[in-house]
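Okay, input.cif now, which holds mmCIF, C-alpha atoms:
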```
data_work
loop_
_atom_site.group_PDB
_atom_site.id
_atom_site.type_symbol
_atom_site.label_atom_id
_atom_site.label_comp_id
_atom_site.auth_asym_id
_atom_site.auth_seq_id
_atom_site.Cartn_x
_atom_site.Cartn_y
_atom_site.Cartn_z
ATOM 1 C CA MET W 1 -12.167 -1.597 -4.011
ATOM 2 C CA ILE W 2 -9.265 -0.526 -1.798
ATOM 3 C CA THR W 3 -7.984 -3.632 -0.066
ATOM 4 C CA TYR W 4 -4.938 -2.940 2.060
ATOM 5 C CA VAL W 5 -2.020 -0.626 2.484
ATOM 6 C CA SER W 6 0.874 -1.750 0.280
ATOM 7 C CA HIS W 7 3.754 0.406 1.487
ATOM 8 C CA ILE W 8 4.908 3.873 2.364
ATOM 9 C CA GLY W 9 7.211 5.815 0.077
ATOM 10 C CA TYR W 10 10.280 7.470 1.467
ATOM 11 C CA THR W 11 12.740 9.591 -0.480
ATOM 12 C CA TYR W 12 16.259 9.097 0.729
ATOM 13 C CA ASP W 13 19.731 10.182 -0.272
ATOM 14 C CA TRP W 14 21.371 6.781 0.155
ATOM 15 C CA PRO W 15 24.678 7.083 -1.667
ATOM 16 C CA LYS W 16 26.001 9.211 1.188
ATOM 17 C CA LYS W 17 24.642 7.149 4.052
ATOM 18 C CA LYS W 18 24.614 3.365 4.232
ATOM 19 C CA LEU W 19 21.656 1.872 6.027
ATOM 20 C CA SER W 20 22.210 -0.813 8.633
ATOM 21 C CA LEU W 21 19.541 -3.489 9.027
ATOM 22 C CA LYS W 22 21.095 -4.720 12.293
ATOM 23 C CA LYS W 23 18.764 -4.764 15.305
ATOM 24 C CA THR W 24 15.775 -4.424 13.004
ATOM 25 C CA GLN W 25 13.325 -6.793 11.378
ATOM 26 C CA PHE W 26 13.644 -5.118 8.015
ATOM 27 C CA GLU W 27 14.607 -7.438 5.197
ATOM 28 C CA LEU W 28 15.396 -6.583 1.629
ATOM 29 C CA TYR W 29 12.599 -7.543 -0.776
ATOM 30 C CA PHE W 30 14.038 -6.166 -4.007
ATOM 31 C CA LYS W 31 16.239 -3.467 -5.509
ATOM 32 C CA LYS W 32 15.809 -1.722 -8.859
ATOM 33 C CA LYS W 33 18.114 0.755 -10.476
ATOM 34 C CA LYS W 34 17.417 3.335 -13.178
ATOM 35 C CA LEU W 35 13.657 3.008 -13.278
ATOM 36 C CA ILE W 36 12.272 5.553 -15.729
ATOM 37 C CA ASN W 37 10.085 8.237 -14.213
ATOM 38 C CA ASP W 38 6.853 8.013 -16.122
ATOM 39 C CA ASN W 39 5.577 11.334 -17.486
ATOM 40 C CA CYS W 40 2.495 10.862 -15.314
ATOM 41 C CA LYS W 41 4.706 11.448 -12.272
ATOM 42 C CA LYS W 42 5.919 14.880 -13.438
ATOM 43 C CA PRO W 43 3.322 16.957 -11.563
ATOM 44 C CA PHE W 44 4.420 15.199 -8.372
ATOM 45 C CA LEU W 45 8.122 16.066 -8.752
ATOM 46 C CA ARG W 46 9.826 19.395 -8.135
ATOM 47 C CA LYS W 47 12.344 18.648 -10.849
ATOM 48 C CA ASN W 48 11.989 16.496 -13.930
ATOM 49 C CA PHE W 49 14.340 13.614 -13.123
ATOM 50 C CA LYS W 50 14.646 10.949 -15.786
ATOM 51 C CA PHE W 51 15.357 7.993 -13.487
ATOM 52 C CA HIS W 52 15.081 6.846 -9.932
ATOM 53 C CA ASP W 53 16.387 3.882 -7.944
ATOM 54 C CA ILE W 54 14.317 1.983 -5.428
ATOM 55 C CA VAL W 55 15.006 -0.403 -2.567
ATOM 56 C CA PHE W 56 12.009 -2.171 -1.089
ATOM 57 C CA TYR W 57 12.014 -3.591 2.433
ATOM 58 C CA LYS W 58 9.556 -5.794 4.282
ATOM 59 C CA ASN W 59 9.215 -5.777 8.054
ATOM 60 C CA LYS W 60 7.267 -8.319 10.158
ATOM 61 C CA ASN W 61 6.268 -5.613 12.635
ATOM 62 C CA TRP W 62 4.819 -3.443 9.925
ATOM 63 C CA ASN W 63 2.896 -5.832 7.697
ATOM 64 C CA PHE W 64 3.402 -3.504 4.789
ATOM 65 C CA GLY W 65 6.448 -2.351 2.897
ATOM 66 C CA LEU W 66 8.915 0.501 3.043
ATOM 67 C CA GLU W 67 10.000 1.767 -0.371
ATOM 68 C CA LEU W 68 13.122 3.889 -0.354
ATOM 69 C CA ILE W 69 13.449 6.050 -3.431
ATOM 70 C CA ASN W 70 16.461 7.922 -4.659
ATOM 71 C CA TYR W 71 16.094 10.512 -7.398
ATOM 72 C CA LYS W 72 19.894 11.011 -7.406
ATOM 73 C CA LYS W 73 19.621 14.772 -7.183
ATOM 74 C CA ASN W 74 17.264 15.093 -4.289
ATOM 75 C CA PHE W 75 16.355 18.563 -3.242
ATOM 76 C CA GLN W 76 17.076 19.219 0.374
ATOM 77 C CA ASN W 77 13.455 20.133 1.101
ATOM 78 C CA GLN W 78 12.538 18.076 4.100
ATOM 79 C CA ASN W 79 8.859 17.358 4.399
ATOM 80 C CA VAL W 80 6.799 17.614 7.575
ATOM 81 C CA ASN W 81 5.456 14.040 7.711
ATOM 82 C CA THR W 82 6.877 11.843 10.460
ATOM 83 C CA ILE W 83 7.111 8.155 11.404
ATOM 84 C CA ASN W 84 6.823 7.446 15.162
ATOM 85 C CA ASN W 85 7.196 11.225 15.529
ATOM 86 C CA HIS W 86 10.708 10.785 14.153
ATOM 87 C CA LYS W 87 11.822 13.450 11.700
ATOM 88 C CA THR W 88 12.465 11.447 8.649
ATOM 89 C CA ALA W 89 15.199 13.115 6.602
ATOM 90 C CA ASN W 90 17.822 11.139 8.504
ATOM 91 C CA LEU W 91 16.389 7.675 8.210
ATOM 92 C CA ASP W 92 17.059 5.500 11.250
ATOM 93 C CA LEU W 93 15.602 2.034 10.734
ATOM 94 C CA VAL W 94 15.993 1.163 14.432
ATOM 95 C CA LYS W 95 13.748 4.062 15.459
ATOM 96 C CA ILE W 96 11.041 3.052 13.009
ATOM 97 C CA ASN W 97 11.487 -0.748 13.319
ATOM 98 C CA LYS W 98 8.489 -1.060 15.599
ATOM 99 C CA LEU W 99 5.900 1.076 13.927
ATOM 100 C CA LYS W 100 3.569 2.900 16.280
ATOM 101 C CA LYS W 101 2.165 5.855 14.414
ATOM 102 C CA LEU W 102 2.547 7.473 11.024
ATOM 103 C CA TYR W 103 1.846 11.174 10.747
ATOM 104 C CA LEU W 104 0.802 12.965 7.578
ATOM 105 C CA ASN W 105 0.006 16.634 7.162
ATOM 106 C CA SER W 106 -2.956 18.014 5.293
ATOM 107 C CA SER W 107 -3.863 21.562 4.379
ATOM 108 C CA ASN W 108 -7.542 20.599 4.143
ATOM 109 C CA VAL W 109 -8.204 18.132 6.938
ATOM 110 C CA LEU W 110 -12.000 18.053 6.689
ATOM 111 C CA SER W 111 -12.037 17.308 2.962
ATOM 112 C CA ASP W 112 -9.324 14.646 3.355
ATOM 113 C CA TYR W 113 -11.238 13.098 6.253
ATOM 114 C CA LYS W 114 -14.294 12.683 4.004
ATOM 115 C CA LEU W 115 -12.152 11.156 1.265
ATOM 116 C CA PHE W 116 -10.346 8.713 3.586
ATOM 117 C CA LYS W 117 -13.646 7.670 5.148
ATOM 118 C CA ASN W 118 -15.398 7.175 1.833
ATOM 119 C CA MET W 119 -12.547 5.212 0.270
ATOM 120 C CA ASN W 120 -11.842 2.926 3.276
ATOM 121 C CA PHE W 121 -8.246 4.155 3.447
ATOM 122 C CA LEU W 122 -8.573 3.981 7.244
ATOM 123 C CA LEU W 123 -10.564 1.736 9.566
ATOM 124 C CA ASN W 124 -12.345 3.080 12.662
ATOM 125 C CA ILE W 125 -11.678 6.589 11.404
ATOM 126 C CA LYS W 126 -12.314 9.457 13.823
ATOM 127 C CA PHE W 127 -12.198 13.229 13.523
ATOM 128 C CA LYS W 128 -11.126 15.471 16.401
ATOM 129 C CA LYS W 129 -9.986 19.110 16.397
ATOM 130 C CA ASN W 130 -8.342 19.529 12.971
ATOM 131 C CA THR W 131 -7.004 15.967 13.124
ATOM 132 C CA PHE W 132 -8.294 12.621 11.960
ATOM 133 C CA TYR W 133 -6.918 9.196 12.664
ATOM 134 C CA GLY W 134 -7.630 5.529 12.128
ATOM 135 C CA ASN W 135 -6.037 2.163 11.525
ATOM 136 C CA LEU W 136 -4.387 1.346 8.235
ATOM 137 C CA PRO W 137 -6.081 -1.712 6.714
ATOM 138 C CA ASN W 138 -3.714 -4.666 6.442
ATOM 139 C CA PHE W 139 -4.546 -8.282 5.867
ATOM 140 C CA LYS W 140 -2.834 -9.600 8.981
ATOM 141 C CA ARG W 141 -5.125 -7.351 11.003
ATOM 142 C CA LYS W 142 -2.256 -5.630 12.817
ATOM 143 C CA LYS W 143 -3.126 -2.190 14.050
ATOM 144 C CA THR W 144 -1.002 0.673 12.763
ATOM 145 C CA GLN W 145 -2.423 4.099 13.253
ATOM 146 C CA LEU W 146 -2.245 6.887 10.725
ATOM 147 C CA VAL W 147 -2.766 10.384 12.085
ATOM 148 C CA VAL W 148 -3.504 13.242 9.698
ATOM 149 C CA LYS W 149 -2.869 16.666 11.197
ATOM 150 C CA LYS W 150 -3.475 20.158 9.895
ATOM 151 C CA ASN W 151 -0.454 21.424 8.026
ATOM 152 C CA ILE W 152 0.449 24.701 9.702
ATOM 153 C CA ASN W 153 3.454 25.360 7.428
ATOM 154 C CA LYS W 154 1.304 24.931 4.287
ATOM 155 C CA THR W 155 4.254 23.395 2.478
ATOM 156 C CA LYS W 156 3.312 21.393 -0.574
ATOM 157 C CA ILE W 157 4.981 17.980 -0.607
ATOM 158 C CA TYR W 158 6.613 16.512 -3.710
ATOM 159 C CA LEU W 159 7.922 13.006 -4.267
ATOM 160 C CA ASP W 160 11.515 14.226 -4.469
ATOM 161 C CA ASP W 161 11.408 15.936 -1.066
ATOM 162 C CA LEU W 162 13.402 14.098 1.550
ATOM 163 C CA GLY W 163 11.395 11.896 3.889
ATOM 164 C CA PHE W 164 8.076 10.062 4.033
ATOM 165 C CA ASN W 165 6.089 11.398 1.093
ATOM 166 C CA PHE W 166 3.285 9.087 0.103
ATOM 167 C CA ILE W 167 1.207 6.132 1.092
ATOM 168 C CA SER W 168 0.316 3.344 -1.287
ATOM 169 C CA PHE W 169 -2.822 1.173 -1.297
ATOM 170 C CA PHE W 170 -3.778 -1.922 -3.250
ATOM 171 C CA SER W 171 -6.885 -1.689 -5.353
ATOM 172 C CA THR W 172 -8.783 -4.568 -6.962
ATOM 173 C CA ASN W 173 -9.913 -2.214 -9.739
ATOM 174 C CA ILE W 174 -8.292 1.206 -10.128
ATOM 175 C CA LYS W 175 -10.834 2.475 -12.657
ATOM 176 C CA ASP W 176 -13.758 1.769 -10.316
ATOM 177 C CA ASP W 177 -11.957 3.401 -7.404
ATOM 178 C CA LEU W 178 -11.089 6.468 -9.492
ATOM 179 C CA LYS W 179 -14.758 6.905 -10.362
ATOM 180 C CA ARG W 180 -15.521 7.097 -6.644
ATOM 181 C CA ILE W 181 -12.570 9.386 -5.931
ATOM 182 C CA LYS W 182 -13.489 11.811 -8.719
ATOM 183 C CA LYS W 183 -16.771 12.511 -6.959
ATOM 184 C CA LYS W 184 -14.787 13.946 -4.042
ATOM 185 C CA GLU W 185 -12.668 17.087 -3.808
ATOM 186 C CA ILE W 186 -9.275 16.210 -5.238
ATOM 187 C CA ASN W 187 -6.378 18.405 -6.379
ATOM 188 C CA TYR W 188 -4.958 16.192 -9.095
ATOM 189 C CA ILE W 189 -5.128 12.649 -10.447
ATOM 190 C CA SER W 190 -2.436 11.320 -12.789
ATOM 191 C CA LYS W 191 -3.111 9.089 -15.755
ATOM 192 C CA ILE W 192 -2.866 5.367 -15.065
ATOM 193 C CA PHE W 193 0.597 4.053 -15.907
ATOM 194 C CA LYS W 194 2.189 0.611 -15.985
ATOM 195 C CA LEU W 195 5.289 -0.669 -14.249
ATOM 196 C CA LYS W 196 6.951 -4.073 -14.319
ATOM 197 C CA ILE W 197 8.596 -4.999 -11.029
ATOM 198 C CA ASN W 198 9.695 -8.467 -9.872
ATOM 199 C CA ASN W 199 7.828 -10.180 -12.737
ATOM 200 C CA ASN W 200 4.630 -8.414 -11.688
ATOM 201 C CA ILE W 201 2.864 -6.047 -14.051
ATOM 202 C CA LEU W 202 1.375 -3.282 -11.983
ATOM 203 C CA ARG W 203 -0.987 -0.471 -12.897
ATOM 204 C CA LEU W 204 -0.428 2.662 -10.867
ATOM 205 C CA VAL W 205 -2.078 5.999 -10.356
ATOM 206 C CA LEU W 206 -1.024 8.946 -8.216
ATOM 207 C CA ILE W 207 -3.501 11.200 -6.461
ATOM 208 C CA ARG W 208 -2.972 14.540 -4.753
ATOM 209 C CA THR W 209 -5.790 15.100 -2.298
ATOM 210 C CA SER W 210 -7.272 18.541 -1.709
ATOM 211 C CA GLY W 211 -5.138 18.727 1.443
ATOM 212 C CA ASP W 212 -2.001 17.855 -0.619
ATOM 213 C CA ILE W 213 -1.516 14.304 0.634
ATOM 214 C CA ILE W 214 -0.035 12.061 -2.055
ATOM 215 C CA ILE W 215 -1.675 8.652 -2.412
ATOM 216 C CA GLU W 216 -0.719 5.890 -4.825
ATOM 217 C CA LEU W 217 -3.095 3.151 -5.922
ATOM 218 C CA ILE W 218 -1.716 -0.145 -7.225
ATOM 219 C CA GLU W 219 -3.522 -2.808 -9.179
ATOM 220 C CA LYS W 220 -1.857 -6.082 -10.078
ATOM 221 C CA ARG W 221 -2.547 -7.390 -13.559
ATOM 222 C CA MET G 1 -20.101 -30.129 -6.056
ATOM 223 C CA LYS G 2 -18.316 -29.420 -2.755
ATOM 224 C CA ASN G 3 -15.232 -31.345 -3.907
ATOM 225 C CA LYS G 4 -15.247 -29.526 -7.245
ATOM 226 C CA ILE G 5 -15.253 -26.136 -5.487
ATOM 227 C CA GLU G 6 -12.448 -27.190 -3.156
ATOM 228 C CA ASP G 7 -10.379 -28.548 -6.009
ATOM 229 C CA LEU G 8 -10.807 -25.355 -8.025
ATOM 230 C CA LEU G 9 -10.022 -23.316 -4.920
ATOM 231 C CA LYS G 10 -6.794 -25.257 -4.338
ATOM 232 C CA THR G 11 -5.755 -24.631 -7.946
ATOM 233 C CA ILE G 12 -6.465 -20.891 -7.580
ATOM 234 C CA ILE G 13 -4.622 -20.632 -4.240
ATOM 235 C CA SER G 14 -1.672 -22.579 -5.612
ATOM 236 C CA LYS G 15 -1.415 -20.320 -8.664
ATOM 237 C CA SER G 16 -1.987 -17.058 -6.790
ATOM 238 C CA LEU G 17 0.236 -17.687 -3.786
ATOM 239 C CA LYS G 18 2.814 -19.664 -5.770
ATOM 240 C CA ILE G 19 2.753 -22.698 -3.496
ATOM 241 C CA PRO G 20 2.414 -26.384 -4.479
ATOM 242 C CA LYS G 21 -1.137 -27.735 -4.453
ATOM 243 C CA LYS G 22 -0.009 -30.540 -2.113
ATOM 244 C CA LYS G 23 0.787 -28.017 0.607
ATOM 245 C CA ILE G 24 -2.715 -26.549 0.616
ATOM 246 C CA ASN G 25 -4.678 -27.922 3.552
ATOM 247 C CA PRO G 26 -7.507 -26.697 5.807
ATOM 248 C CA TYR G 27 -4.963 -25.240 8.235
ATOM 249 C CA LEU G 28 -3.459 -22.860 5.683
ATOM 250 C CA LYS G 29 -3.613 -19.254 6.940
ATOM 251 C CA ALA G 30 -2.092 -15.896 6.069
ATOM 252 C CA SER G 31 -0.212 -16.114 9.362
ATOM 253 C CA ASN G 32 1.470 -19.467 8.606
ATOM 254 C CA CYS G 33 2.200 -19.033 4.898
ATOM 255 C CA LYS G 34 5.192 -16.919 3.895
ATOM 256 C CA ASN G 35 3.907 -16.410 0.345
ATOM 257 C CA TRP G 36 0.557 -15.101 1.563
ATOM 258 C CA ASP G 37 1.643 -11.485 1.305
ATOM 259 C CA SER G 38 -0.428 -8.484 0.318
ATOM 260 C CA LEU G 39 0.540 -8.562 -3.368
ATOM 261 C CA ASN G 40 -0.221 -12.274 -3.791
ATOM 262 C CA PHE G 41 -3.410 -11.791 -1.803
ATOM 263 C CA LEU G 42 -4.543 -9.233 -4.372
ATOM 264 C CA THR G 43 -3.994 -11.825 -7.120
ATOM 265 C CA LEU G 44 -5.927 -14.365 -5.062
ATOM 266 C CA ILE G 45 -8.966 -12.078 -4.736
ATOM 267 C CA SER G 46 -8.932 -11.208 -8.461
ATOM 268 C CA ASN G 47 -8.634 -14.882 -9.447
ATOM 269 C CA LEU G 48 -11.409 -15.958 -7.075
ATOM 270 C CA GLU G 49 -13.702 -13.251 -8.461
ATOM 271 C CA LYS G 50 -12.927 -14.233 -12.047
ATOM 272 C CA LYS G 51 -13.179 -18.007 -11.695
ATOM 273 C CA PHE G 52 -16.273 -18.057 -9.492
ATOM 274 C CA LYS G 53 -17.872 -15.031 -11.220
ATOM 275 C CA ILE G 54 -18.528 -13.254 -7.936
ATOM 276 C CA LYS G 55 -17.646 -9.904 -6.347
ATOM 277 C CA PHE G 56 -16.504 -9.588 -2.767
ATOM 278 C CA ASN G 57 -17.469 -6.622 -0.634
ATOM 279 C CA TYR G 58 -15.082 -5.159 1.916
ATOM 280 C CA LYS G 59 -16.466 -7.138 4.884
ATOM 281 C CA GLU G 60 -16.133 -10.393 2.968
ATOM 282 C CA MET G 61 -12.672 -9.546 1.755
ATOM 283 C CA ILE G 62 -11.233 -9.022 5.234
ATOM 284 C CA MET G 63 -12.575 -12.479 6.178
ATOM 285 C CA LEU G 64 -10.448 -14.145 3.506
ATOM 286 C CA ASP G 65 -7.418 -14.773 5.681
ATOM 287 C CA SER G 66 -7.436 -18.586 5.784
ATOM 288 C CA TYR G 67 -8.373 -21.559 3.645
ATOM 289 C CA LYS G 68 -11.323 -22.377 5.955
ATOM 290 C CA ASN G 69 -12.667 -18.825 5.844
ATOM 291 C CA ILE G 70 -12.388 -18.666 2.056
ATOM 292 C CA ILE G 71 -14.491 -21.849 1.825
ATOM 293 C CA LYS G 72 -17.074 -20.337 4.213
ATOM 294 C CA VAL G 73 -17.370 -17.077 2.267
ATOM 295 C CA LEU G 74 -17.395 -18.862 -1.103
ATOM 296 C CA ASN G 75 -20.158 -21.240 -0.028
ATOM 297 C CA LYS G 76 -22.335 -18.313 1.077
ATOM 298 C CA LYS G 77 -21.674 -16.391 -2.165
ATOM 299 C CA ILE G 78 -22.291 -19.370 -4.434
ATOM 300 C CA LYS G 79 -25.561 -20.302 -2.657
ATOM 301 C CA LYS G 80 -26.848 -16.774 -3.359
#
```
Produce structure tokens that represent the structure in this file.
Amino acid sequence: MITYVSHIGYTYDWPKKKLSLKKTQFELYFKKKKLINDNCKKPFLRKNFKFHDIVFYKNKNWNFGLELINYKKNFQNQNVNTINNHKTANLDLVKINKLKKLYLNSSNVLSDYKLFKNMNFLLNIKFKKNTFYGNLPNFKRKKTQLVVKKNINKTKIYLDDLGFNFISFFSTNIKDDLKRIKKKEINYISKIFKLKINNNILRLVLIRTSGDIIIELIEKR
Amino acid sequence: MKNKIEDLLKTIISKSLKIPKKKINPYLKASNCKNWDSLNFLTLISNLEKKFKIKFNYKEMIMLDSYKNIIKVLNKKIKK
């Protein structure tokens, strides 16, 4: 069962630009350097990087996390997803401190709508003119809206593109959820892989929907 | 029986949310407990399901945001 949204993933070129947490409610949760890119991630990367660094922030306004990822040699492809309608290649934490809306792009909105509805990825989900939207489930019952729009550019997003690339949900049982997902139209599902972060052993899986949205499922062991 | 359930529940909450058992009282809520974050909440659900041999559905799960509500949901599930 999908429980809540865990975090959003954001690829960022941070060695060149230092982020200021002033005037924001972001606080550092943890940092990890030289995490090995599991082979299961390869189909989701433009280039086969061996390592990546991550910095994970929490924010009281958000009620879920922001994971900044650096693949060291990021391509300059900027994706089309936005946070608060803010183009995300140049990350400005002040502009996204109070989260209003997240925007993702899909090349197959109808199929993704059916998937999101069936999997409880969004609450009060509605479909309207090549767009669907709903509230991201979070356990403090704060309302953050996710809007999925038709991708006019038809650009395929990879994890090493600059910007907001994926959304991550907690699952109580990944295998059960994958059984349900496999019954829907899906582009690709990775193998389940393990990761140890902050003394937690996590099981992860990456999914590329038929509209090319990247979703991560996390199960804590 | 009721005391046994509450005692087991306190042990599970303490272990899952990493807080001392002494601090667990009927007023404990996600909103007033710093350790009650989404990752620890996932552990709490898994541990409750394992120890009480039950399965929560989505509607029940979103109710589990306070000590009092967990007791309510557990009592209903166990009676079944």
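Between atom CA of Cys40 of chain W and atom CA of Lys191 of chain W lies a distance of 5.9 Å.
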Checklist line | Exercise answer, chain W residues close to chain G, 10 Å and all atoms listed in the file, as an MDAnalysis selection string | finding: chainID W and resid 1:7 63:65 120 137:141 170:173 200 218:221
Restrict the selected residues to C-alpha atoms and save them as a tab-separated table (two decimals), in the coordinates of the input.
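Full text of out36.tsv as output:
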```tsv
chain	number	residue	atom	x	y	z
W	1	MET	CA	-12.17	-1.60	-4.01
W	2	ILE	CA	-9.26	-0.53	-1.80
W	3	THR	CA	-7.98	-3.63	-0.07
W	4	TYR	CA	-4.94	-2.94	2.06
W	5	VAL	CA	-2.02	-0.63	2.48
W	6	SER	CA	0.87	-1.75	0.28
W	7	HIS	CA	3.75	0.41	1.49
W	63	ASN	CA	2.90	-5.83	7.70
W	64	PHE	CA	3.40	-3.50	4.79
W	65	GLY	CA	6.45	-2.35	2.90
W	120	ASN	CA	-11.84	2.93	3.28
W	137	PRO	CA	-6.08	-1.71	6.71
W	138	ASN	CA	-3.71	-4.67	6.44
W	139	PHE	CA	-4.55	-8.28	5.87
W	140	LYS	CA	-2.83	-9.60	8.98
W	141	ARG	CA	-5.12	-7.35	11.00
W	170	PHE	CA	-3.78	-1.92	-3.25
W	171	SER	CA	-6.88	-1.69	-5.35
W	172	THR	CA	-8.78	-4.57	-6.96
W	173	ASN	CA	-9.91	-2.21	-9.74
W	200	ASN	CA	4.63	-8.41	-11.69
W	218	ILE	CA	-1.72	-0.14	-7.22
W	219	GLU	CA	-3.52	-2.81	-9.18
W	220	LYS	CA	-1.86	-6.08	-10.08
W	221	ARG	CA	-2.55	-7.39	-13.56
```
Margin query: Starting from the PyMOL selection byres ((chain W and resi 50) around 9), expand the selection into actual residues of this file and give them as a ChimeraX atom specification.
Written below: /W:34-38,48-49,51-52,71
Margin query: Under the PyMOL selection byres ((chain W and resi 83) around 10), which residues of this model are included? Write them out as a list in words.
Written below: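 Residues picked by the PyMOL selection byres ((chain W and resi 83) around 10): Asn81, Thr82, Asn84, Asn85, His86, Lys87, Thr88, Leu91, Lys95, Ile96, Leu99, Lys100, Lys101, Leu102, Tyr103, Leu104, Leu146, Gly163 and Phe164 of chain W.
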Next item on the list: Run the PyMOL selection byres ((chain W and resi 135) around 10) mentally over the shown coordinates, then write out the matched residues as a ChimeraX atom specification, using the chain letters and numbers from the document.
Entry: /W:101,121-126,133-134,136-138,141-147
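The space between atom CA of Asn39 of chain W and atom CA of Ile207 of chain W spans 14.3 Å.
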Notebook entry, point to check: Neighbours of Lys31 of chain W within 8 Å (all atoms listed in the file; same-chain residues fewer than 3 positions away dropped), as a list of chain:residue names?
Noted result: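 Selected residues are W:Leu28, W:Asp53, W:Ile54, W:Val55, W:Phe56.
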Could I get segment 44-50 of chain G rebuilt with all heavy atoms, written as a PDB file, in the coordinates of the input?
```pdb
ATOM      1  N   LEU G  44      -4.975 -13.342  -5.511  1.00  0.00           N
ATOM      2  CA  LEU G  44      -5.927 -14.365  -5.062  1.00  0.00           C
ATOM      3  C   LEU G  44      -7.369 -13.849  -5.155  1.00  0.00           C
ATOM      4  O   LEU G  44      -8.243 -14.538  -5.699  1.00  0.00           O
ATOM      5  CB  LEU G  44      -5.583 -14.780  -3.619  1.00  0.00           C
ATOM      6  CG  LEU G  44      -6.494 -15.798  -2.950  1.00  0.00           C
ATOM      7  CD1 LEU G  44      -6.474 -17.135  -3.676  1.00  0.00           C
ATOM      8  CD2 LEU G  44      -6.075 -16.017  -1.496  1.00  0.00           C
ATOM      9  N   ILE G  45      -7.601 -12.640  -4.679  1.00  0.00           N
ATOM     10  CA  ILE G  45      -8.966 -12.078  -4.736  1.00  0.00           C
ATOM     11  C   ILE G  45      -9.432 -11.966  -6.188  1.00  0.00           C
ATOM     12  O   ILE G  45     -10.533 -12.400  -6.537  1.00  0.00           O
ATOM     13  CB  ILE G  45      -9.038 -10.681  -4.066  1.00  0.00           C
ATOM     14  CG1 ILE G  45      -8.761 -10.790  -2.583  1.00  0.00           C
ATOM     15  CG2 ILE G  45     -10.413 -10.052  -4.263  1.00  0.00           C
ATOM     16  CD1 ILE G  45      -8.633  -9.455  -1.889  1.00  0.00           C
ATOM     17  N   SER G  46      -8.556 -11.389  -7.041  1.00  0.00           N
ATOM     18  CA  SER G  46      -8.932 -11.208  -8.461  1.00  0.00           C
ATOM     19  C   SER G  46      -9.251 -12.552  -9.107  1.00  0.00           C
ATOM     20  O   SER G  46     -10.246 -12.673  -9.831  1.00  0.00           O
ATOM     21  CB  SER G  46      -7.806 -10.557  -9.258  1.00  0.00           C
ATOM     22  OG  SER G  46      -7.420  -9.396  -8.646  1.00  0.00           O
ATOM     23  N   ASN G  47      -8.407 -13.572  -8.837  1.00  0.00           N
ATOM     24  CA  ASN G  47      -8.634 -14.882  -9.447  1.00  0.00           C
ATOM     25  C   ASN G  47      -9.908 -15.550  -8.925  1.00  0.00           C
ATOM     26  O   ASN G  47     -10.641 -16.182  -9.700  1.00  0.00           O
ATOM     27  CB  ASN G  47      -7.428 -15.798  -9.225  1.00  0.00           C
ATOM     28  CG  ASN G  47      -6.242 -15.370 -10.077  1.00  0.00           C
ATOM     29  OD1 ASN G  47      -6.395 -14.677 -11.079  1.00  0.00           O
ATOM     30  ND2 ASN G  47      -5.042 -15.766  -9.683  1.00  0.00           N
ATOM     31  N   LEU G  48     -10.175 -15.382  -7.627  1.00  0.00           N
ATOM     32  CA  LEU G  48     -11.409 -15.958  -7.075  1.00  0.00           C
ATOM     33  C   LEU G  48     -12.631 -15.296  -7.723  1.00  0.00           C
ATOM     34  O   LEU G  48     -13.595 -15.975  -8.095  1.00  0.00           O
ATOM     35  CB  LEU G  48     -11.467 -15.755  -5.560  1.00  0.00           C
ATOM     36  CG  LEU G  48     -10.527 -16.602  -4.704  1.00  0.00           C
ATOM     37  CD1 LEU G  48     -10.537 -16.125  -3.253  1.00  0.00           C
ATOM     38  CD2 LEU G  48     -10.891 -18.078  -4.754  1.00  0.00           C
ATOM     39  N   GLU G  49     -12.569 -13.971  -7.861  1.00  0.00           N
ATOM     40  CA  GLU G  49     -13.702 -13.251  -8.461  1.00  0.00           C
ATOM     41  C   GLU G  49     -13.925 -13.669  -9.918  1.00  0.00           C
ATOM     42  O   GLU G  49     -15.057 -13.842 -10.353  1.00  0.00           O
ATOM     43  CB  GLU G  49     -13.478 -11.735  -8.357  1.00  0.00           C
ATOM     44  CG  GLU G  49     -13.654 -11.222  -6.936  1.00  0.00           C
ATOM     45  CD  GLU G  49     -13.581  -9.704  -6.797  1.00  0.00           C
ATOM     46  OE1 GLU G  49     -12.958  -9.049  -7.655  1.00  0.00           O
ATOM     47  OE2 GLU G  49     -14.129  -9.190  -5.826  1.00  0.00           O
ATOM     48  N   LYS G  50     -12.812 -13.840 -10.627  1.00  0.00           N
ATOM     49  CA  LYS G  50     -12.927 -14.233 -12.047  1.00  0.00           C
ATOM     50  C   LYS G  50     -13.470 -15.648 -12.194  1.00  0.00           C
ATOM     51  O   LYS G  50     -14.419 -15.881 -12.927  1.00  0.00           O
ATOM     52  CB  LYS G  50     -11.525 -14.184 -12.695  1.00  0.00           C
ATOM     53  CG  LYS G  50     -11.275 -12.932 -13.521  1.00  0.00           C
ATOM     54  CD  LYS G  50      -9.960 -13.074 -14.241  1.00  0.00           C
ATOM     55  CE  LYS G  50      -9.104 -11.838 -14.060  1.00  0.00           C
ATOM     56  NZ  LYS G  50      -7.711 -12.055 -14.396  1.00  0.00           N
TER      57      LYS G  50
END
```
